[in-house]
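Undergrad: After the structure tokens below, expect a handful of questions from me.
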Amino acid sequence: MGTGNNINSNLISIIVPIYNGGDYIDRCVGSILKQTYTEWELLLMDGASSDDSPQLCDEWQRRDKRIRAFHSERNRGVSEGRNMGLREASGAYIMFVDVDDWLLPDCLQRLYDDIQKPGVQIAGCGFISCTDEDRKEQLSDIKTATMSGVDASRNEYRNKPNVRLIAGKDFLREGILKRDTRCWSKLYKRELIEGHFFNEAYTIGEDMLFVWETAREAELISSSDYKGYCYYRNVNGAMLKRFRESDIDQIRCWQFLLQSLFAENGKEEKYDTDVIIATATNLLISCMLVAGKLAMLPGEERRQYADINKQCRDVLKETLRIKGAYAGLDKSYRIKVSLYKLFSDLYLNLYHILKR
């Protein structure tokens, strides 16, 4: 990772993977330029975009020497862009930002201050979620903060946050299993994640695996409820699009995690039973989420993915053998799981009728 031994001890390397992000680049980069913490480099990782993203990246590189643009001849998703950025980064700290997201002006400073606490190797903050529909209303305060820099102290997000310190070995229970599976909105010490990369075989769930693999090696993780990261929830985003074969990746990632926990517990009792059960419960939910997206397809098209349906059902049945996994579901999911296990085709047909 990085460019040899020339590591700046105070530098934050911000990695932004880009594919056809021309509508968002200026907002994202602009928010980073307005950071009150100024010792950063910005790596714009363009993955063979077909819009004006390459030109915009190059233009920003010309405008600010802290910005570096990289262009790939192919696009293999955000994981490849992040991995390329990790190899090029020269800072002692690493942060990931998605191109359609942006930061409040004191986000880097807050995270940098938190990661300076003894033993802390990952510092995370909360986020504000915006869609096209509610963005104008929600951005009234955010825009003021973004544009006013240091003068944003009057903004509500400047209030003193609550900060928890979590041992790395406990972050699976206290973070990931409580839905903090995101790699963004976190600042990582480079020394911790050296040699760790995103699994490019997955398009969904790779964030969770990266966070788990790095967090479990950390001494402490700082978790703040300060909301300094602005997450743009694109209604056309990957998680909300119609079914694709790659949707099964979210099952594979939770399955990989669960199998890893069993393997490590086979050597020594590292993980409590309740953690394994909660992981299995999340795997069941992932199976039902994929089944739900599959059900939204027209019947004839759905039948073309009979192998995916079988994989999903087989994983669900196997996971149900783990004592406590089913009990961890809420009532509605228990009904769904039971019906899908026994009558998968009927379940998909009923789901399709009710949700269309």
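Letters for chains follow the order of the structure tokens (A, B, ...), residue numbers begin at 1 for each chain, and ligand numbers begin at 1 in the order shown.
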Write out, as CSV, each residue of range 172-261 of chain A that has an atom at most 8 Å from range 268-280 of chain A, together with the closest pair of atoms and their distance in Å to one decimal, counting only C-alpha atoms, rows going by chain and rising number.

TA:
residue,atom,partner,partner_atom,distance
A:Leu172,CA,A:Val275,CA,7.7
A:Arg173,CA,A:Val275,CA,6.1
A:Leu177,CA,A:Ala278,CA,7.0
A:Trp254,CA,A:Thr279,CA,7.3
A:Leu257,CA,A:Thr279,CA,7.8
A:Leu258,CA,A:Thr279,CA,6.2
A:Leu261,CA,A:Tyr271,CA,7.0

Undergrad: Please determine, counting only C-alpha atoms, which residue among A:Ser344, A:Gln109, A:Ser90, A:Ser185 has the shortest atom-to-atom distance to Cys125 in chain A.

TA: A:Ser185

Undergrad: If we count only C-alpha atoms and set the cut-off at 12 Å, which residues sit around Gly299 in chain A, ignoring sequence neighbours fewer than 2 positions away in its own chain? Please answer as a PyMOL selection string.

TA: chain A and resi 294-297+301-306+345-346+348-353

Undergrad: With all heavy atoms kept, could you save the residues just selected as a short mmCIF file (atom, residue, chain, number, x, y, z; two decimals), in the first residue's frame?

TA:
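Final output, saved to part.cif:
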data_model
loop_
_atom_site.label_atom_id
_atom_site.label_comp_id
_atom_site.auth_asym_id
_atom_site.auth_seq_id
_atom_site.Cartn_x
_atom_site.Cartn_y
_atom_site.Cartn_z
N LEU A 294 -35.94 -11.17 -6.04
CA LEU A 294 -36.20 -12.16 -7.08
C LEU A 294 -37.71 -12.24 -7.36
O LEU A 294 -38.13 -12.35 -8.52
CB LEU A 294 -35.67 -13.52 -6.62
CG LEU A 294 -35.70 -14.68 -7.61
CD1 LEU A 294 -34.85 -14.37 -8.84
CD2 LEU A 294 -35.19 -15.95 -6.94
N ALA A 295 -38.52 -12.15 -6.33
CA ALA A 295 -39.97 -12.24 -6.48
C ALA A 295 -40.56 -11.11 -7.30
O ALA A 295 -41.62 -11.26 -7.91
CB ALA A 295 -40.64 -12.28 -5.10
N MET A 296 -39.88 -9.97 -7.33
CA MET A 296 -40.40 -8.82 -8.06
C MET A 296 -40.29 -8.97 -9.57
O MET A 296 -40.89 -8.21 -10.32
CB MET A 296 -39.67 -7.54 -7.60
CG MET A 296 -39.91 -7.19 -6.14
SD MET A 296 -41.66 -6.99 -5.74
CE MET A 296 -42.01 -5.47 -6.63
N LEU A 297 -39.54 -9.95 -10.02
CA LEU A 297 -39.42 -10.19 -11.45
C LEU A 297 -40.71 -10.85 -11.99
O LEU A 297 -41.37 -11.59 -11.26
CB LEU A 297 -38.23 -11.11 -11.75
CG LEU A 297 -36.84 -10.58 -11.43
CD1 LEU A 297 -35.81 -11.68 -11.69
CD2 LEU A 297 -36.51 -9.34 -12.27
N GLU A 301 -39.43 -14.50 -16.31
CA GLU A 301 -38.04 -14.09 -16.09
C GLU A 301 -37.51 -14.69 -14.79
O GLU A 301 -36.34 -15.09 -14.71
CB GLU A 301 -37.95 -12.57 -16.05
CG GLU A 301 -36.51 -12.05 -15.94
CD GLU A 301 -36.44 -10.54 -15.97
OE1 GLU A 301 -37.50 -9.88 -16.13
OE2 GLU A 301 -35.32 -10.00 -15.82
N ARG A 302 -38.37 -14.75 -13.80
CA ARG A 302 -37.95 -15.30 -12.50
C ARG A 302 -37.52 -16.76 -12.64
O ARG A 302 -36.57 -17.20 -11.99
CB ARG A 302 -39.10 -15.19 -11.51
CG ARG A 302 -38.72 -15.47 -10.05
CD ARG A 302 -39.94 -15.58 -9.18
NE ARG A 302 -40.92 -14.55 -9.51
CZ ARG A 302 -42.24 -14.76 -9.48
NH1 ARG A 302 -42.71 -15.96 -9.15
NH2 ARG A 302 -43.08 -13.79 -9.78
N ARG A 303 -38.21 -17.49 -13.48
CA ARG A 303 -37.88 -18.91 -13.65
C ARG A 303 -36.50 -19.11 -14.28
O ARG A 303 -35.90 -20.17 -14.13
CB ARG A 303 -38.96 -19.58 -14.49
CG ARG A 303 -40.25 -19.84 -13.71
CD ARG A 303 -41.23 -20.68 -14.50
NE ARG A 303 -41.90 -19.91 -15.54
CZ ARG A 303 -43.00 -19.18 -15.34
NH1 ARG A 303 -43.54 -19.12 -14.13
NH2 ARG A 303 -43.55 -18.52 -16.33
N GLN A 304 -36.00 -18.10 -14.93
CA GLN A 304 -34.65 -18.18 -15.49
C GLN A 304 -33.58 -18.19 -14.39
O GLN A 304 -32.45 -18.58 -14.63
CB GLN A 304 -34.40 -17.00 -16.42
CG GLN A 304 -35.31 -16.96 -17.64
CD GLN A 304 -35.12 -15.71 -18.48
OE1 GLN A 304 -34.14 -14.99 -18.31
NE2 GLN A 304 -36.05 -15.46 -19.38
N TYR A 305 -33.98 -17.77 -13.20
CA TYR A 305 -33.05 -17.72 -12.06
C TYR A 305 -33.38 -18.80 -11.04
O TYR A 305 -33.19 -18.60 -9.84
CB TYR A 305 -33.09 -16.34 -11.40
CG TYR A 305 -32.59 -15.24 -12.30
CD1 TYR A 305 -33.49 -14.35 -12.90
CD2 TYR A 305 -31.23 -15.07 -12.55
CE1 TYR A 305 -33.04 -13.32 -13.73
CE2 TYR A 305 -30.77 -14.06 -13.37
CZ TYR A 305 -31.69 -13.19 -13.95
OH TYR A 305 -31.23 -12.18 -14.77
N ALA A 306 -33.87 -19.93 -11.52
CA ALA A 306 -34.22 -21.03 -10.61
C ALA A 306 -33.02 -21.48 -9.79
O ALA A 306 -33.14 -21.87 -8.62
CB ALA A 306 -34.79 -22.21 -11.41
N ASP A 345 -41.73 -21.42 -4.23
CA ASP A 345 -42.39 -20.87 -5.41
C ASP A 345 -43.67 -20.15 -5.05
O ASP A 345 -43.97 -19.07 -5.58
CB ASP A 345 -42.70 -21.99 -6.42
CG ASP A 345 -41.44 -22.53 -7.09
OD1 ASP A 345 -40.42 -21.80 -7.09
OD2 ASP A 345 -41.47 -23.66 -7.59
N LEU A 346 -44.43 -20.72 -4.13
CA LEU A 346 -45.66 -20.07 -3.67
C LEU A 346 -45.33 -18.74 -3.01
O LEU A 346 -46.02 -17.73 -3.25
CB LEU A 346 -46.40 -20.99 -2.69
CG LEU A 346 -47.65 -20.38 -2.01
CD1 LEU A 346 -48.70 -20.03 -3.05
CD2 LEU A 346 -48.21 -21.34 -0.96
N LEU A 348 -42.77 -16.77 -3.55
CA LEU A 348 -42.35 -15.79 -4.55
C LEU A 348 -43.56 -15.26 -5.32
O LEU A 348 -43.65 -14.05 -5.61
CB LEU A 348 -41.34 -16.41 -5.52
CG LEU A 348 -40.00 -16.84 -4.92
CD1 LEU A 348 -39.10 -17.43 -6.00
CD2 LEU A 348 -39.30 -15.69 -4.21
N ASN A 349 -44.51 -16.13 -5.64
CA ASN A 349 -45.70 -15.70 -6.36
C ASN A 349 -46.56 -14.77 -5.51
O ASN A 349 -47.04 -13.73 -5.99
CB ASN A 349 -46.54 -16.91 -6.79
CG ASN A 349 -45.90 -17.67 -7.94
OD1 ASN A 349 -45.22 -17.08 -8.77
ND2 ASN A 349 -46.12 -18.98 -7.99
N LEU A 350 -46.76 -15.12 -4.24
CA LEU A 350 -47.54 -14.27 -3.35
C LEU A 350 -46.88 -12.93 -3.12
O LEU A 350 -47.53 -11.87 -3.14
CB LEU A 350 -47.75 -14.98 -2.01
CG LEU A 350 -48.71 -16.18 -2.00
CD1 LEU A 350 -48.70 -16.86 -0.64
CD2 LEU A 350 -50.12 -15.73 -2.35
N TYR A 351 -45.57 -12.95 -2.92
CA TYR A 351 -44.82 -11.71 -2.71
C TYR A 351 -44.97 -10.82 -3.94
O TYR A 351 -45.16 -9.60 -3.81
CB TYR A 351 -43.35 -12.05 -2.45
CG TYR A 351 -42.52 -10.88 -1.96
CD1 TYR A 351 -42.22 -10.75 -0.60
CD2 TYR A 351 -42.02 -9.92 -2.83
CE1 TYR A 351 -41.45 -9.70 -0.13
CE2 TYR A 351 -41.26 -8.87 -2.37
CZ TYR A 351 -40.97 -8.76 -1.03
OH TYR A 351 -40.21 -7.72 -0.58
N HIS A 352 -44.86 -11.41 -5.11
CA HIS A 352 -44.96 -10.65 -6.36
C HIS A 352 -46.34 -9.98 -6.47
O HIS A 352 -46.43 -8.79 -6.82
CB HIS A 352 -44.75 -11.59 -7.54
CG HIS A 352 -44.81 -10.90 -8.87
ND1 HIS A 352 -43.72 -10.29 -9.44
CD2 HIS A 352 -45.85 -10.69 -9.75
CE1 HIS A 352 -44.06 -9.75 -10.60
NE2 HIS A 352 -45.34 -9.98 -10.81
N ILE A 353 -47.38 -10.72 -6.14
CA ILE A 353 -48.74 -10.17 -6.23
C ILE A 353 -48.95 -9.04 -5.22
O ILE A 353 -49.53 -7.99 -5.53
CB ILE A 353 -49.77 -11.28 -6.02
CG1 ILE A 353 -49.70 -12.30 -7.17
CG2 ILE A 353 -51.18 -10.71 -5.87
CD1 ILE A 353 -50.51 -13.56 -6.94
#

Undergrad: As a ChimeraX atom specification, which residues of range 32-201 of chain A does DSSP assign to alpha helix (DSSP H)?

TA: /A:32-33,53-63,78-88,107-115,135-148,171-174,190-193

Undergrad: If we count only C-alpha atoms and set the cut-off at 9 Å, which residues sit around Met208 in chain A, ignoring sequence neighbours fewer than 5 positions away in its own chain? Please answer as number ranges by chain.

TA: A: 176, 180-183, 213, 253-254

Undergrad: Export, as a JSON list (two decimals), in the first residue's frame, the selected residues with C-alpha atoms.

TA:
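Final file, again.json:
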[["chain", "number", "residue", "atom", "x", "y", "z"],
["A", 176, "ILE", "CA", -21.47, -4.74, 12.65],
["A", 180, "ASP", "CA", -22.56, -0.37, 11.35],
["A", 181, "THR", "CA", -21.21, -2.26, 8.35],
["A", 182, "ARG", "CA", -20.12, 0.78, 6.31],
["A", 183, "CYS", "CA", -16.50, 1.43, 5.39],
["A", 213, "GLU", "CA", -11.39, -7.89, 8.93],
["A", 253, "CYS", "CA", -20.69, -12.24, 2.48],
["A", 254, "TRP", "CA", -22.74, -13.08, 5.58]]

Undergrad: Grab the CA of Ser9 in chain A to CA of Arg110 in chain A distance for me, in Å with one decimal place.

TA: 17.1 Å

Undergrad: I need the residue nearest Glu174 in chain A from this list: A:Val78, A:Ile221, A:Met95, A:Leu33. Use only C-alpha atoms for the distance.

TA: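 Selected residue with least distance to Glu174 in chain A: A:Ile221.
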
Undergrad: Hey, which of A:Leu284, A:Ile32, A:Leu165, A:Ile7 ends up closest to Gly328 in chain A? Count only C-alpha atoms.

TA: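 For Gly328 in chain A, the nearest of the candidates is A:Leu284.
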
Undergrad: Can you work out the spacing between CA of Val97 in chain A and CA of Arg164 in chain A in Å, to one decimal?

TA: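 Separation of CA of Val97 in chain A and CA of Arg164 in chain A: 22.5 Å.
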
Undergrad: Using only C-alpha atoms, which of A:Asp100, A:Arg356, A:Thr281, A:Tyr37 sits nearest Lys323 in chain A?

TA: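 Answer, going by the shortest atom-to-atom distance: A:Thr281.
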
Undergrad: Using only C-alpha atoms, which residue out of A:Leu316, A:Leu354, A:Ile251, A:Leu11 lies closest to Leu42 in chain A?

TA: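 Of A:Leu316, A:Leu354, A:Ile251, A:Leu11, the one nearest Leu42 in chain A is A:Leu11, counting only C-alpha atoms.
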
Undergrad: Could you list, as a list in words, every residue within 10 Å of range 330-334 of chain A, counting only C-alpha atoms and ignoring same-chain residues fewer than 5 positions away?

TA: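 The residues satisfying every condition are Leu284, Ile285, Met288, Leu339 and Tyr340 of chain A.
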
Undergrad: Those same residues - all heavy atoms - I'd like them written as a PDB file, in the first residue's frame.

TA:
ATOM      1  N   LEU A 284     -30.087 -15.150   7.520  1.00  0.00           N
ATOM      2  CA  LEU A 284     -31.467 -15.479   7.159  1.00  0.00           C
ATOM      3  C   LEU A 284     -32.174 -14.270   6.545  1.00  0.00           C
ATOM      4  O   LEU A 284     -32.888 -14.393   5.545  1.00  0.00           O
ATOM      5  CB  LEU A 284     -32.238 -15.957   8.392  1.00  0.00           C
ATOM      6  CG  LEU A 284     -31.846 -17.321   8.977  1.00  0.00           C
ATOM      7  CD1 LEU A 284     -32.641 -17.582  10.251  1.00  0.00           C
ATOM      8  CD2 LEU A 284     -32.086 -18.430   7.969  1.00  0.00           C
ATOM      9  N   ILE A 285     -31.968 -13.109   7.144  1.00  0.00           N
ATOM     10  CA  ILE A 285     -32.589 -11.884   6.623  1.00  0.00           C
ATOM     11  C   ILE A 285     -32.071 -11.584   5.222  1.00  0.00           C
ATOM     12  O   ILE A 285     -32.838 -11.199   4.333  1.00  0.00           O
ATOM     13  CB  ILE A 285     -32.323 -10.712   7.586  1.00  0.00           C
ATOM     14  CG1 ILE A 285     -33.063 -10.934   8.904  1.00  0.00           C
ATOM     15  CG2 ILE A 285     -32.742  -9.386   6.954  1.00  0.00           C
ATOM     16  CD1 ILE A 285     -32.709  -9.932   9.992  1.00  0.00           C
ATOM     17  N   MET A 288     -33.828 -13.651   2.703  1.00  0.00           N
ATOM     18  CA  MET A 288     -35.178 -13.170   2.407  1.00  0.00           C
ATOM     19  C   MET A 288     -35.160 -11.884   1.595  1.00  0.00           C
ATOM     20  O   MET A 288     -36.061 -11.646   0.773  1.00  0.00           O
ATOM     21  CB  MET A 288     -35.951 -12.970   3.711  1.00  0.00           C
ATOM     22  CG  MET A 288     -36.150 -14.246   4.520  1.00  0.00           C
ATOM     23  SD  MET A 288     -36.713 -15.669   3.534  1.00  0.00           S
ATOM     24  CE  MET A 288     -38.269 -15.048   2.886  1.00  0.00           C
ATOM     25  N   LEU A 339     -42.574 -19.820   5.403  1.00  0.00           N
ATOM     26  CA  LEU A 339     -43.272 -20.041   4.133  1.00  0.00           C
ATOM     27  C   LEU A 339     -42.283 -20.296   3.006  1.00  0.00           C
ATOM     28  O   LEU A 339     -42.491 -21.206   2.182  1.00  0.00           O
ATOM     29  CB  LEU A 339     -44.151 -18.827   3.815  1.00  0.00           C
ATOM     30  CG  LEU A 339     -45.003 -18.918   2.538  1.00  0.00           C
ATOM     31  CD1 LEU A 339     -45.923 -20.132   2.605  1.00  0.00           C
ATOM     32  CD2 LEU A 339     -45.809 -17.636   2.349  1.00  0.00           C
ATOM     33  N   TYR A 340     -41.219 -19.518   2.964  1.00  0.00           N
ATOM     34  CA  TYR A 340     -40.240 -19.673   1.891  1.00  0.00           C
ATOM     35  C   TYR A 340     -39.524 -21.022   1.985  1.00  0.00           C
ATOM     36  O   TYR A 340     -39.252 -21.670   0.966  1.00  0.00           O
ATOM     37  CB  TYR A 340     -39.225 -18.533   1.942  1.00  0.00           C
ATOM     38  CG  TYR A 340     -38.199 -18.576   0.834  1.00  0.00           C
ATOM     39  CD1 TYR A 340     -38.569 -18.408  -0.494  1.00  0.00           C
ATOM     40  CD2 TYR A 340     -36.855 -18.788   1.120  1.00  0.00           C
ATOM     41  CE1 TYR A 340     -37.634 -18.444  -1.516  1.00  0.00           C
ATOM     42  CE2 TYR A 340     -35.903 -18.823   0.109  1.00  0.00           C
ATOM     43  CZ  TYR A 340     -36.294 -18.652  -1.208  1.00  0.00           C
ATOM     44  OH  TYR A 340     -35.360 -18.702  -2.214  1.00  0.00           O
TER      45      TYR A 340
END

Undergrad: Which residue is closest to Ala92 in chain A? Choose from A:Cys230, A:Ile193, A:Ala218, A:Val315 and count only C-alpha atoms.

TA: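 Using only C-alpha atoms, the shortest distance to Ala92 in chain A belongs to A:Ile193.
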
Undergrad: I need the strand (DSSP E or B) residues of range 40-194 of chain A per DSSP on the backbone, written as a ChimeraX atom specification.

TA: /A:40-47,67-72,91-96,102-103,120-130,163-167,186-189

Undergrad: Create the file for the chosen residues now, containing C-alpha atoms and written as a PDB file, in the first residue's frame.

TA:
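Here's the written file selection.pdb:
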ATOM      1  CA  TRP A  40      -5.245  15.763   3.219  1.00  0.00           C
ATOM      2  CA  GLU A  41      -4.785  14.341  -0.242  1.00  0.00           C
ATOM      3  CA  LEU A  42      -7.724  13.413  -2.427  1.00  0.00           C
ATOM      4  CA  LEU A  43      -7.445  10.409  -4.743  1.00  0.00           C
ATOM      5  CA  LEU A  44     -10.082  10.408  -7.479  1.00  0.00           C
ATOM      6  CA  MET A  45     -10.201   6.853  -8.838  1.00  0.00           C
ATOM      7  CA  ASP A  46     -12.042   6.898 -12.159  1.00  0.00           C
ATOM      8  CA  GLY A  47     -13.086   3.463 -13.404  1.00  0.00           C
ATOM      9  CA  ILE A  67      -5.862  16.239  -5.619  1.00  0.00           C
ATOM     10  CA  ARG A  68      -4.654  13.329  -7.741  1.00  0.00           C
ATOM     11  CA  ALA A  69      -6.682  11.747 -10.531  1.00  0.00           C
ATOM     12  CA  PHE A  70      -6.260   8.141 -11.671  1.00  0.00           C
ATOM     13  CA  HIS A  71      -7.931   6.493 -14.650  1.00  0.00           C
ATOM     14  CA  SER A  72      -8.534   2.787 -15.177  1.00  0.00           C
ATOM     15  CA  GLY A  91      -1.110   9.357   4.135  1.00  0.00           C
ATOM     16  CA  ALA A  92      -0.857   7.885   7.613  1.00  0.00           C
ATOM     17  CA  TYR A  93      -4.662   7.837   7.715  1.00  0.00           C
ATOM     18  CA  ILE A  94      -7.181   6.506   5.199  1.00  0.00           C
ATOM     19  CA  MET A  95     -10.784   7.538   4.553  1.00  0.00           C
ATOM     20  CA  PHE A  96     -13.270   6.354   1.934  1.00  0.00           C
ATOM     21  CA  TRP A 102     -20.124  14.722   0.833  1.00  0.00           C
ATOM     22  CA  LEU A 103     -18.737  15.859   4.186  1.00  0.00           C
ATOM     23  CA  VAL A 120      -7.821   4.192  18.883  1.00  0.00           C
ATOM     24  CA  GLN A 121      -7.076   2.883  15.375  1.00  0.00           C
ATOM     25  CA  ILE A 122     -10.447   3.486  13.706  1.00  0.00           C
ATOM     26  CA  ALA A 123     -12.616   6.546  14.294  1.00  0.00           C
ATOM     27  CA  GLY A 124     -16.171   6.574  12.991  1.00  0.00           C
ATOM     28  CA  CYS A 125     -19.033   9.045  12.940  1.00  0.00           C
ATOM     29  CA  GLY A 126     -22.718   9.016  12.069  1.00  0.00           C
ATOM     30  CA  PHE A 127     -24.298  10.103   8.815  1.00  0.00           C
ATOM     31  CA  ILE A 128     -27.221  12.056   7.416  1.00  0.00           C
ATOM     32  CA  SER A 129     -29.275  10.250   4.766  1.00  0.00           C
ATOM     33  CA  CYS A 130     -30.704  12.250   1.859  1.00  0.00           C
ATOM     34  CA  VAL A 163     -18.310   9.056  21.744  1.00  0.00           C
ATOM     35  CA  ARG A 164     -17.959   5.375  22.630  1.00  0.00           C
ATOM     36  CA  LEU A 165     -14.705   3.456  22.710  1.00  0.00           C
ATOM     37  CA  ILE A 166     -15.170  -0.147  21.578  1.00  0.00           C
ATOM     38  CA  ALA A 167     -12.527  -2.859  21.757  1.00  0.00           C
ATOM     39  CA  LYS A 186     -14.628   6.145   9.214  1.00  0.00           C
ATOM     40  CA  LEU A 187     -10.984   7.151   9.481  1.00  0.00           C
ATOM     41  CA  TYR A 188      -8.446   4.314   9.624  1.00  0.00           C
ATOM     42  CA  LYS A 189      -4.870   4.297  10.800  1.00  0.00           C
TER      43      LYS A 189
END

Undergrad: List as number ranges by chain the protein and nucleic acid residues near Asp247 in chain A, meaning an atom at most 8 Å away when only C-alpha atoms are counted, but skip any in the same chain fewer than 5 places from it.

TA: A: 203-204, 290
